[in-house]
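See below for query_10.tsv, which holds TSV, C-alpha atoms (C1' of nucleotides).
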chain	number	residue	atom	x	y	z
W	1	MET	CA	18.23	30.91	-7.44
W	2	ALA	CA	17.51	27.30	-8.09
W	3	ARG	CA	17.44	26.74	-4.39
W	4	PRO	CA	15.90	23.31	-3.94
W	5	LYS	CA	12.59	23.16	-2.15
W	6	PRO	CA	13.04	22.60	1.55
W	7	ASP	CA	10.90	19.49	1.87
W	8	LYS	CA	11.10	18.01	-1.58
W	9	SER	CA	12.63	14.92	-0.08
W	10	THR	CA	9.62	14.63	2.21
W	11	LEU	CA	7.45	14.71	-0.87
W	12	LEU	CA	9.64	12.14	-2.60
W	13	ALA	CA	9.48	9.89	0.44
W	14	ALA	CA	5.70	9.88	0.31
W	15	LEU	CA	5.76	9.21	-3.43
W	16	ALA	CA	8.24	6.41	-2.89
W	17	GLY	CA	5.94	4.91	-0.31
W	18	HIS	CA	3.06	4.90	-2.71
W	19	VAL	CA	5.13	3.41	-5.50
W	20	LEU	CA	6.51	0.72	-3.24
W	21	GLU	CA	2.98	-0.34	-2.45
W	22	HIS	CA	1.26	0.08	-5.79
W	23	GLY	CA	3.95	-0.30	-8.40
W	24	LEU	CA	6.22	2.10	-10.24
W	25	ASN	CA	5.43	1.64	-13.90
W	26	THR	CA	1.68	1.87	-13.43
W	27	ALA	CA	1.78	4.92	-11.18
W	28	SER	CA	-0.19	7.97	-12.23
W	29	LEU	CA	-0.22	11.51	-10.97
W	30	ARG	CA	-3.50	11.76	-9.12
W	31	PRO	CA	-3.11	8.68	-6.91
W	32	MET	CA	0.49	9.63	-6.19
W	33	ALA	CA	-0.60	13.11	-5.27
W	34	ALA	CA	-3.29	11.78	-2.97
W	35	ALA	CA	-0.76	9.56	-1.25
W	36	ALA	CA	1.49	12.55	-0.74
W	37	GLY	CA	-1.34	14.72	0.53
W	38	THR	CA	-1.31	17.09	-2.39
W	39	SER	CA	-2.68	17.45	-5.92
W	40	ASP	CA	-1.54	16.45	-9.38
W	41	ARG	CA	-1.42	20.16	-10.03
W	42	MET	CA	1.26	20.59	-7.38
W	43	LEU	CA	3.28	17.61	-8.50
W	44	ILE	CA	3.59	19.14	-11.93
W	45	TYR	CA	4.38	22.44	-10.28
W	46	HIS	CA	7.24	20.92	-8.33
W	47	PHE	CA	8.66	18.57	-10.93
W	48	GLY	CA	7.58	20.12	-14.19
W	49	THR	CA	6.65	16.86	-15.84
W	50	LYS	CA	5.65	13.39	-14.89
W	51	ASP	CA	8.76	12.03	-16.56
W	52	ALA	CA	10.90	14.41	-14.53
W	53	LEU	CA	9.08	13.35	-11.39
W	54	ILE	CA	9.73	9.70	-12.16
W	55	ALA	CA	13.37	10.47	-12.84
W	56	GLU	CA	13.79	12.21	-9.49
W	57	LEU	CA	11.81	9.50	-7.78
W	58	LEU	CA	14.08	6.88	-9.28
W	59	GLU	CA	17.14	8.66	-7.93
W	60	PHE	CA	15.48	8.79	-4.55
W	61	LEU	CA	14.54	5.13	-4.72
W	62	ALA	CA	18.03	4.15	-5.77
W	63	ILE	CA	19.41	5.81	-2.67
W	64	GLN	CA	16.69	4.44	-0.45
W	65	MET	CA	17.20	0.93	-1.77
W	66	SER	CA	20.91	1.18	-1.15
W	67	ALA	CA	20.81	2.82	2.24
W	68	GLY	CA	20.19	0.60	5.20
W	69	LEU	CA	21.98	-2.30	3.58
W	70	GLU	CA	24.81	-2.06	6.11
W	71	ALA	CA	22.34	-2.04	8.98
W	72	VAL	CA	20.48	-5.10	7.83
W	73	LEU	CA	23.53	-7.22	7.17
W	74	PRO	CA	26.70	-6.14	8.95
W	75	PRO	CA	29.92	-6.25	6.97
W	76	VAL	CA	31.11	-9.62	8.12
W	77	THR	CA	32.94	-11.82	5.67
W	78	PHE	CA	31.35	-15.23	5.45
W	79	GLU	CA	32.98	-18.58	5.61
W	80	SER	CA	32.03	-19.54	2.11
W	81	GLU	CA	30.46	-18.14	-0.99
W	82	ALA	CA	27.52	-20.49	-0.64
W	83	GLU	CA	26.85	-19.24	2.83
W	84	LEU	CA	26.92	-15.62	1.68
W	85	VAL	CA	24.48	-16.35	-1.10
W	86	ALA	CA	22.16	-18.20	1.23
W	87	ARG	CA	22.19	-15.35	3.71
W	88	VAL	CA	21.52	-12.65	1.14
W	89	VAL	CA	18.74	-14.63	-0.48
W	90	GLU	CA	17.15	-15.18	2.89
W	91	LEU	CA	17.27	-11.44	3.36
W	92	MET	CA	15.79	-10.68	-0.03
W	93	ARG	CA	12.97	-13.09	0.57
W	94	SER	CA	12.03	-11.57	3.89
W	95	GLU	CA	8.78	-9.66	4.14
W	96	PRO	CA	10.13	-6.11	4.38
W	97	PHE	CA	12.12	-6.52	1.19
W	98	GLN	CA	9.20	-7.54	-0.99
W	99	PRO	CA	8.06	-4.03	-1.95
W	100	TYR	CA	11.58	-3.10	-2.94
W	101	ILE	CA	11.93	-6.18	-5.09
W	102	ARG	CA	8.69	-5.41	-6.88
W	103	VAL	CA	9.92	-1.91	-7.60
W	104	TRP	CA	13.24	-3.32	-8.65
W	105	LEU	CA	11.58	-5.58	-11.21
W	106	ASP	CA	9.69	-2.57	-12.49
W	107	ILE	CA	12.97	-0.73	-12.89
W	108	VAL	CA	14.47	-3.64	-14.78
W	109	SER	CA	11.43	-3.90	-17.01
W	110	GLY	CA	11.45	-0.18	-17.72
W	111	SER	CA	15.16	-0.37	-18.48
W	112	GLY	CA	14.45	-3.09	-21.00
W	113	GLN	CA	11.89	-0.83	-22.66
W	114	GLY	CA	14.58	1.78	-23.09
W	115	LEU	CA	13.58	4.23	-20.38
W	116	ALA	CA	16.78	6.12	-19.64
W	117	ALA	CA	15.94	7.13	-16.08
W	118	HIS	CA	15.11	3.55	-15.19
W	119	ARG	CA	18.33	2.30	-16.65
W	120	THR	CA	20.43	4.89	-14.88
W	121	ALA	CA	18.85	4.19	-11.50
W	122	GLY	CA	19.06	0.46	-12.10
W	123	GLY	CA	22.74	0.64	-12.89
W	124	LYS	CA	23.46	2.66	-9.79
W	125	ILE	CA	21.61	0.20	-7.61
W	126	ILE	CA	23.58	-2.67	-9.06
W	127	ASP	CA	26.80	-0.78	-8.40
W	128	VAL	CA	25.97	-0.27	-4.76
W	129	TYR	CA	24.89	-3.86	-4.26
W	130	LEU	CA	27.99	-5.12	-6.00
W	131	GLU	CA	30.16	-3.16	-3.62
W	132	TRP	CA	28.02	-4.32	-0.71
W	133	ILE	CA	28.57	-7.93	-1.68
W	134	ALA	CA	32.24	-7.50	-2.43
W	135	VAL	CA	32.89	-6.32	1.12
W	136	ARG	CA	31.30	-9.48	2.45
W	137	HIS	CA	32.77	-11.96	0.03
W	138	PRO	CA	35.56	-14.20	1.26
W	139	GLU	CA	36.96	-14.88	-2.18
W	140	GLY	CA	37.30	-11.28	-3.07
W	141	ARG	CA	35.83	-8.79	-5.41
W	142	ALA	CA	36.13	-10.77	-8.60
W	143	ARG	CA	33.55	-13.28	-7.43
W	144	ALA	CA	31.18	-10.66	-6.10
W	145	ALA	CA	29.88	-10.00	-9.60
W	146	PHE	CA	29.13	-13.68	-9.95
W	147	VAL	CA	27.27	-13.79	-6.66
W	148	LEU	CA	25.18	-10.72	-7.39
W	149	THR	CA	24.30	-11.95	-10.85
W	150	LEU	CA	23.16	-15.24	-9.42
W	151	ILE	CA	21.07	-13.47	-6.82
W	152	GLU	CA	19.38	-11.38	-9.50
W	153	GLY	CA	18.50	-14.60	-11.23
W	154	ILE	CA	17.04	-15.94	-8.02
W	155	LEU	CA	14.84	-12.86	-7.73
W	156	VAL	CA	13.52	-13.57	-11.21
W	157	MET	CA	12.83	-17.20	-10.35
W	158	ASP	CA	11.00	-16.21	-7.20
W	159	ALA	CA	8.92	-13.66	-9.09
W	160	VAL	CA	7.55	-16.22	-11.52
W	161	GLY	CA	6.91	-18.79	-8.82
W	162	ARG	CA	9.92	-21.00	-9.41
W	163	SER	CA	11.61	-20.70	-6.07
W	164	GLU	CA	12.34	-24.42	-6.18
W	165	THR	CA	14.55	-23.82	-9.17
W	166	ALA	CA	16.21	-20.97	-7.32
W	167	ASP	CA	16.75	-23.21	-4.33
W	168	ALA	CA	18.21	-25.90	-6.54
W	169	ALA	CA	20.62	-23.33	-7.90
W	170	ILE	CA	21.70	-22.32	-4.42
W	171	LYS	CA	22.18	-25.93	-3.44
W	172	ALA	CA	24.17	-26.67	-6.58
W	173	LEU	CA	26.44	-23.80	-5.65
W	174	GLY	CA	27.32	-25.52	-2.40
W	175	LYS	CA	29.21	-28.37	-3.95
T	176	MET	CA	-21.13	-24.69	-29.94
T	177	ALA	CA	-18.10	-23.12	-28.47
T	178	ARG	CA	-16.23	-23.97	-31.61
T	179	PRO	CA	-13.00	-22.03	-31.42
T	180	LYS	CA	-12.48	-19.36	-34.04
T	181	PRO	CA	-10.62	-20.73	-37.02
T	182	ASP	CA	-7.85	-18.14	-37.14
T	183	LYS	CA	-7.57	-17.04	-33.56
T	184	SER	CA	-3.95	-18.07	-33.57
T	185	THR	CA	-3.40	-15.82	-36.55
T	186	LEU	CA	-4.86	-13.00	-34.54
T	187	LEU	CA	-2.71	-13.88	-31.55
T	188	ALA	CA	0.38	-13.99	-33.73
T	189	ALA	CA	-0.28	-10.44	-34.90
T	190	LEU	CA	-0.90	-9.30	-31.35
T	191	ALA	CA	2.29	-11.00	-30.22
T	192	GLY	CA	4.18	-9.20	-32.94
T	193	HIS	CA	2.91	-5.86	-31.77
T	194	VAL	CA	3.68	-6.63	-28.14
T	195	LEU	CA	7.17	-7.82	-28.98
T	196	GLU	CA	7.84	-4.49	-30.62
T	197	HIS	CA	6.04	-2.09	-28.31
T	198	GLY	CA	5.95	-3.79	-24.94
T	199	LEU	CA	3.48	-6.02	-23.15
T	200	ASN	CA	2.56	-4.17	-19.98
T	201	THR	CA	1.89	-0.88	-21.75
T	202	ALA	CA	-0.17	-2.38	-24.57
T	203	SER	CA	-3.67	-1.05	-25.10
T	204	LEU	CA	-6.53	-2.29	-27.19
T	205	ARG	CA	-6.67	0.17	-30.07
T	206	PRO	CA	-3.00	0.01	-31.08
T	207	MET	CA	-3.07	-3.76	-30.76
T	208	ALA	CA	-6.17	-3.94	-32.89
T	209	ALA	CA	-4.59	-1.71	-35.53
T	210	ALA	CA	-1.53	-3.95	-35.61
T	211	ALA	CA	-3.78	-6.97	-36.09
T	212	GLY	CA	-5.88	-5.26	-38.75
T	213	THR	CA	-9.00	-5.13	-36.62
T	214	SER	CA	-10.77	-2.92	-34.15
T	215	ASP	CA	-10.80	-2.80	-30.39
T	216	ARG	CA	-14.43	-3.72	-30.76
T	217	MET	CA	-13.50	-7.04	-32.34
T	218	LEU	CA	-10.78	-7.82	-29.84
T	219	ILE	CA	-13.31	-7.55	-27.04
T	220	TYR	CA	-15.69	-9.62	-29.13
T	221	HIS	CA	-13.17	-12.40	-29.51
T	222	PHE	CA	-11.64	-12.39	-26.06
T	223	GLY	CA	-14.35	-10.87	-23.90
T	224	THR	CA	-12.03	-8.71	-21.87
T	225	LYS	CA	-8.63	-7.15	-22.16
T	226	ASP	CA	-7.43	-9.22	-19.23
T	227	ALA	CA	-8.62	-12.38	-20.96
T	228	LEU	CA	-6.87	-11.27	-24.13
T	229	ILE	CA	-3.63	-10.72	-22.25
T	230	ALA	CA	-4.00	-14.11	-20.60
T	231	GLU	CA	-4.41	-15.86	-23.94
T	232	LEU	CA	-1.65	-13.79	-25.43
T	233	LEU	CA	0.66	-14.80	-22.61
T	234	GLU	CA	-0.05	-18.46	-23.26
T	235	PHE	CA	0.70	-17.89	-26.92
T	236	LEU	CA	3.87	-16.01	-26.10
T	237	ALA	CA	5.00	-18.71	-23.70
T	238	ILE	CA	4.72	-21.25	-26.48
T	239	GLN	CA	6.30	-18.98	-29.05
T	240	MET	CA	9.20	-18.17	-26.74
T	241	SER	CA	9.78	-21.84	-26.11
T	242	ALA	CA	9.38	-23.10	-29.66
T	243	GLY	CA	12.34	-22.72	-31.93
T	244	LEU	CA	14.78	-23.20	-29.12
T	245	GLU	CA	15.87	-26.55	-30.50
T	246	ALA	CA	16.40	-25.06	-33.92
T	247	VAL	CA	18.57	-22.22	-32.71
T	248	LEU	CA	20.81	-24.32	-30.51
T	249	PRO	CA	20.92	-28.02	-31.36
T	250	PRO	CA	20.87	-30.44	-28.44
T	251	VAL	CA	24.58	-30.98	-28.18
T	252	THR	CA	26.10	-31.44	-24.77
T	253	PHE	CA	28.92	-29.01	-24.20
T	254	GLU	CA	32.37	-29.69	-22.89
T	255	SER	CA	31.92	-27.62	-19.81
T	256	GLU	CA	29.34	-25.69	-17.90
T	257	ALA	CA	31.15	-22.44	-18.58
T	258	GLU	CA	31.03	-23.08	-22.28
T	259	LEU	CA	27.32	-23.78	-22.17
T	260	VAL	CA	26.65	-20.59	-20.29
T	261	ALA	CA	28.78	-18.57	-22.68
T	262	ARG	CA	26.97	-20.01	-25.67
T	263	VAL	CA	23.50	-19.41	-24.28
T	264	VAL	CA	24.33	-15.87	-23.24
T	265	GLU	CA	25.72	-15.17	-26.67
T	266	LEU	CA	22.42	-16.37	-28.05
T	267	MET	CA	20.33	-14.30	-25.69
T	268	ARG	CA	22.31	-11.20	-26.53
T	269	SER	CA	21.87	-11.63	-30.26
T	270	GLU	CA	19.65	-9.19	-32.09
T	271	PRO	CA	16.67	-11.43	-32.81
T	272	PHE	CA	16.28	-12.30	-29.15
T	273	GLN	CA	16.03	-8.75	-27.88
T	274	PRO	CA	12.27	-8.36	-28.34
T	275	TYR	CA	11.65	-11.58	-26.50
T	276	ILE	CA	13.83	-10.52	-23.63
T	277	ARG	CA	11.98	-7.23	-23.32
T	278	VAL	CA	8.70	-9.11	-23.19
T	279	TRP	CA	10.22	-11.54	-20.73
T	280	LEU	CA	11.17	-8.71	-18.39
T	281	ASP	CA	7.63	-7.40	-18.69
T	282	ILE	CA	6.33	-10.82	-17.71
T	283	VAL	CA	8.63	-10.93	-14.70
T	284	SER	CA	7.63	-7.44	-13.65
T	285	GLY	CA	3.95	-8.25	-14.00
T	286	SER	CA	4.47	-11.43	-12.02
T	287	GLY	CA	6.02	-9.39	-9.26
T	288	GLN	CA	2.96	-7.15	-9.23
T	289	GLY	CA	0.84	-10.21	-8.63
T	290	LEU	CA	-0.70	-10.65	-12.07
T	291	ALA	CA	-1.67	-14.31	-12.16
T	292	ALA	CA	-1.54	-14.76	-15.93
T	293	HIS	CA	1.94	-13.30	-16.05
T	294	ARG	CA	3.14	-15.57	-13.31
T	295	THR	CA	1.66	-18.67	-14.90
T	296	ALA	CA	3.19	-17.92	-18.27
T	297	GLY	CA	6.49	-16.98	-16.68
T	298	GLY	CA	6.65	-20.23	-14.77
T	299	LYS	CA	5.95	-22.27	-17.87
T	300	ILE	CA	8.65	-20.48	-19.81
T	301	ILE	CA	11.15	-21.18	-17.05
T	302	ASP	CA	10.16	-24.84	-17.06
T	303	VAL	CA	10.77	-25.18	-20.77
T	304	TYR	CA	14.09	-23.37	-20.63
T	305	LEU	CA	15.18	-25.44	-17.69
T	306	GLU	CA	14.52	-28.61	-19.63
T	307	TRP	CA	16.22	-27.10	-22.65
T	308	ILE	CA	19.33	-26.40	-20.64
T	309	ALA	CA	19.28	-29.73	-18.85
T	310	VAL	CA	19.47	-31.59	-22.13
T	311	ARG	CA	22.58	-29.65	-23.05
T	312	HIS	CA	24.32	-29.71	-19.72
T	313	PRO	CA	27.25	-32.05	-19.28
T	314	GLU	CA	26.97	-32.24	-15.53
T	315	GLY	CA	23.38	-33.25	-15.56
T	316	ARG	CA	20.05	-31.90	-14.59
T	317	ALA	CA	20.86	-30.81	-11.08
T	318	ARG	CA	23.17	-28.09	-12.33
T	319	ALA	CA	20.79	-26.92	-15.03
T	320	ALA	CA	18.81	-24.96	-12.49
T	321	PHE	CA	21.98	-23.23	-11.45
T	322	VAL	CA	22.89	-22.33	-15.01
T	323	LEU	CA	19.45	-21.02	-15.88
T	324	THR	CA	19.27	-18.94	-12.72
T	325	LEU	CA	22.62	-17.42	-13.51
T	326	ILE	CA	21.51	-16.62	-17.04
T	327	GLU	CA	18.40	-14.89	-15.75
T	328	GLY	CA	20.65	-12.76	-13.61
T	329	ILE	CA	22.73	-11.92	-16.64
T	330	LEU	CA	19.62	-10.76	-18.48
T	331	VAL	CA	18.89	-8.42	-15.58
T	332	MET	CA	22.43	-7.06	-15.61
T	333	ASP	CA	22.28	-6.47	-19.34
T	334	ALA	CA	18.93	-4.70	-19.02
T	335	VAL	CA	20.27	-2.10	-16.59
T	336	GLY	CA	23.47	-1.57	-18.55
T	337	ARG	CA	25.79	-3.64	-16.42
T	338	SER	CA	26.91	-6.17	-18.97
T	339	GLU	CA	30.44	-5.85	-17.63
T	340	THR	CA	29.24	-7.26	-14.33
T	341	ALA	CA	27.51	-10.04	-16.20
T	342	ASP	CA	30.67	-10.76	-18.14
T	343	ALA	CA	32.66	-10.83	-14.94
T	344	ALA	CA	30.21	-13.37	-13.58
T	345	ILE	CA	30.61	-15.56	-16.64
T	346	LYS	CA	34.37	-15.32	-16.39
T	347	ALA	CA	34.34	-16.14	-12.71
T	348	LEU	CA	32.38	-19.24	-13.56
T	349	GLY	CA	35.21	-20.47	-15.74
T	350	LYS	CA	37.64	-21.12	-12.94
M	351	DC	C1'	2.25	49.29	3.30
M	352	DT	C1'	2.73	48.07	-1.06
M	353	DT	C1'	4.54	45.53	-4.67
M	354	DT	C1'	6.47	41.66	-6.36
M	355	DT	C1'	7.03	36.65	-6.09
M	356	DA	C1'	6.10	32.13	-4.63
M	357	DT	C1'	2.56	28.81	-3.75
M	358	DT	C1'	-1.90	26.68	-4.14
M	359	DG	C1'	-6.98	25.73	-5.47
M	360	DT	C1'	-10.57	25.24	-9.07
M	361	DA	C1'	-11.82	23.93	-13.39
M	362	DG	C1'	-11.20	22.04	-17.29
M	363	DC	C1'	-9.13	20.51	-21.91
M	364	DG	C1'	-7.94	17.10	-25.26
M	365	DA	C1'	-6.48	12.56	-25.66
M	366	DA	C1'	-6.58	7.72	-24.49
M	367	DT	C1'	-8.48	4.06	-21.78
M	368	DG	C1'	-11.68	-0.36	-21.58
M	369	DC	C1'	-15.99	-1.41	-22.91
M	370	DT	C1'	-21.03	-1.22	-24.70
M	371	DA	C1'	-25.45	-0.23	-27.35
M	372	DC	C1'	-27.23	-0.53	-31.63
M	373	DA	C1'	-27.55	-1.57	-36.18
M	374	DT	C1'	-26.07	-3.94	-40.23
M	375	DA	C1'	-24.13	-7.45	-42.96
M	376	DA	C1'	-22.76	-12.10	-43.72
M	377	DT	C1'	-23.33	-17.03	-42.93
M	378	DC	C1'	-25.34	-21.23	-41.58
M	379	DC	C1'	-29.26	-24.59	-40.79
M	380	DC	C1'	-33.30	-26.66	-42.27
R	381	DG	C1'	-35.64	-19.11	-49.22
R	382	DG	C1'	-36.32	-17.87	-44.35
R	383	DG	C1'	-35.11	-17.77	-39.66
R	384	DA	C1'	-31.48	-17.90	-36.57
R	385	DT	C1'	-26.86	-17.25	-35.47
R	386	DT	C1'	-22.39	-15.13	-36.14
R	387	DA	C1'	-19.47	-11.45	-37.40
R	388	DT	C1'	-18.38	-6.55	-38.00
R	389	DG	C1'	-18.82	-1.43	-38.36
R	390	DT	C1'	-20.24	3.09	-36.21
R	391	DA	C1'	-20.79	5.87	-32.16
R	392	DG	C1'	-20.33	6.74	-28.07
R	393	DC	C1'	-20.02	6.51	-22.82
R	394	DA	C1'	-17.70	7.00	-18.49
R	395	DT	C1'	-13.25	7.26	-16.61
R	396	DT	C1'	-8.58	8.35	-16.31
R	397	DC	C1'	-4.55	10.34	-18.22
R	398	DG	C1'	-0.94	14.29	-18.26
R	399	DC	C1'	-1.14	18.93	-18.27
R	400	DT	C1'	-2.72	24.01	-18.40
R	401	DA	C1'	-5.28	28.53	-17.84
R	402	DC	C1'	-6.81	31.45	-14.50
R	403	DA	C1'	-7.43	33.26	-10.31
R	404	DA	C1'	-6.71	33.65	-5.55
R	405	DT	C1'	-3.90	33.65	-1.51
R	406	DA	C1'	0.45	33.83	1.20
R	407	DA	C1'	4.87	35.33	1.90
R	408	DA	C1'	8.89	38.09	1.04
R	409	DA	C1'	11.12	42.47	-0.28
R	410	DG	C1'	11.39	47.24	-0.75
As structure tokens, what does this structure read like?
Amino acid sequence: MARPKPDKSTLLAALAGHVLEHGLNTASLRPMAAAAGTSDRMLIYHFGTKDALIAELLEFLAIQMSAGLEAVLPPVTFESEAELVARVVELMRSEPFQPYIRVWLDIVSGSGQGLAAHRTAGGKIIDVYLEWIAVRHPEGRARAAFVLTLIEGILVMDAVGRSETADAAIKALGK
Amino acid sequence: MARPKPDKSTLLAALAGHVLEHGLNTASLRPMAAAAGTSDRMLIYHFGTKDALIAELLEFLAIQMSAGLEAVLPPVTFESEAELVARVVELMRSEPFQPYIRVWLDIVSGSGQGLAAHRTAGGKIIDVYLEWIAVRHPEGRARAAFVLTLIEGILVMDAVGRSETADAAIKALGK
DNA sequence: CTTTTATTGTAGCGAATGCTACATAATCCC
DNA sequence: GGGATTATGTAGCATTCGCTACAATAAAAG
């Protein structure tokens, strides 16, 4: 009775891997299925609909993008806000984060287009990151929102090839 | 001899209108053609390729998104950085800007996926906005980058339904 | 062992995709 | 006016899309 499939998360992990490499909003059933070692037929069988699949995949991605944050940056409070920002940006710009940032921008774009599942997942991810930053912020929770918002802006700048502007923003924060 | 079509900009304007309403990254030839009162056949005739069309459309959009900025917010320097940010955000959140923001997020997403035309257009748009902010910033050009980056982050927050976080960031800026 | 029930493969449908071949109409040049 | 060039319509092709019908197998239940 509505018992969840035993290895659905295995399936979702494979789908997530494909999406992280090839993009979320342009993903289609047959390539995803191939990446997961199965068929489009079976994806529909398991999820009912592509939209439902994407919705579940977004939940999975939201968790995956939130998990491991503690491991990659231990919960130490920094000496200054500027230093925290610099450290997080350095992290976000590192190689292993790139696929997640691409997917993140897809989520944001989809949210803008009014896709409910995208928006829900996007909001949850922001919530987790906000908390993650708050724990590490010396000036307390109120400023965490500011820091995270700035970092999101930096991601945008980086995406369109204006990292210099992002760097200028970080520098301006210092003084 | 390679004389440019007389009303290609008219065509591009119609295409831009369609894309502003229905999204850039999901646009396909036949609906675009219908919106422009033509056929897919003619779009290919004029632009050669869909990719080329998108590239030209992105240039057009970059200009269109930059033009009119002066009109909508006269080049007055504000009393404080916080006030400037508040005013610009108010502008960006206003109804008529919504379609442009959706397209903007599509451009950012496409840039993240490595689409060169998207990235080029996105960079140009940032450049123009940066200049636009610099002219209005009381504390000079160096801080304009900071302000614009923060605003981009606010757009992201708004997109995923976390305007409260964006507002908190703006407020935090005040003190 | 047999009868359900859950899982999977094969094949394909109808729609949409970007793009092209071919023919026709309009326009320009001389 | 006639030949060449430019513009446009009509059809369609090959591919991919999400999804489904049908049948076969595998597993569970009695």
>> Show me, as an MDAnalysis selection string, the residues of chain R whose atoms get within 8 Å of chain W, using all atoms listed in the file for the distance check.
In response: chainID R and resid 397:399
>> Counting all atoms listed in the file, a student should be able to say which residues of chain W come within 10 Å of chain M; what is the right answer, written as JSON, numbers by chain?
In response: {"W": [38, 39, 41, 42, 45]}
> What are the residues of chain T that have an atom within 9 Å of an atom of chain W, counting only C-alpha atoms, as a PyMOL selection string?
Replying inline: chain T and resi 197-198+200-201+276-289+293-299+301-302+305+317-337+340-348
> When you draw a straight line from CA of Leu218 in chain T to CA of Lys183 in chain T, how long is it in Å?
Replying inline: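 Spanning CA of Leu218 in chain T to CA of Lys183 in chain T is a straight-line distance of 10.4 Å.
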> Distance CA of Leu195 in chain T-CA of Phe272 in chain T, one decimal place?
Replying inline: 10.2 Å
> Quick one, how far is CA of Asp7 in chain W from C1' of DA404 in chain R?
Replying inline: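 Taking CA of Asp7 in chain W and C1' of DA404 in chain R, their separation equals 23.8 Å.
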>> as a PyMOL selection string, please: the residues near Ile229 in chain T (cut-off 10 Å, only C-alpha atoms (C1' of nucleotides), same-chain neighbours under 2 positions excluded).
In response: chain T and resi 187+190-191+199-200+202+222+224-227+231-236+292-293
Can I get the selected residues back with C-alpha atoms, as a short mmCIF file (atom, residue, chain, number, x, y, z; two decimals), in the frame of the given file?
data_model
loop_
_atom_site.label_atom_id
_atom_site.label_comp_id
_atom_site.auth_asym_id
_atom_site.auth_seq_id
_atom_site.Cartn_x
_atom_site.Cartn_y
_atom_site.Cartn_z
CA LEU T 187 -2.71 -13.88 -31.55
CA LEU T 190 -0.90 -9.30 -31.35
CA ALA T 191 2.29 -11.00 -30.22
CA LEU T 199 3.48 -6.02 -23.15
CA ASN T 200 2.56 -4.17 -19.98
CA ALA T 202 -0.17 -2.38 -24.57
CA PHE T 222 -11.64 -12.39 -26.06
CA THR T 224 -12.03 -8.71 -21.87
CA LYS T 225 -8.63 -7.15 -22.16
CA ASP T 226 -7.43 -9.22 -19.23
CA ALA T 227 -8.62 -12.38 -20.96
CA GLU T 231 -4.41 -15.86 -23.94
CA LEU T 232 -1.65 -13.79 -25.43
CA LEU T 233 0.66 -14.80 -22.61
CA GLU T 234 -0.05 -18.46 -23.26
CA PHE T 235 0.70 -17.89 -26.92
CA LEU T 236 3.87 -16.01 -26.10
CA ALA T 292 -1.54 -14.76 -15.93
CA HIS T 293 1.94 -13.30 -16.05
#
Build an axis-aligned box that encloses every atom of range 374-380 of chain M listed in the file, pad it by 6 Å on each side, and report its centre and edge lengths in Å to one decimal, as AutoDock Vina command-line options.
--center_x -28.0 --center_y -15.3 --center_z -42.0 --size_x 22.5 --size_y 34.7 --size_z 15.5
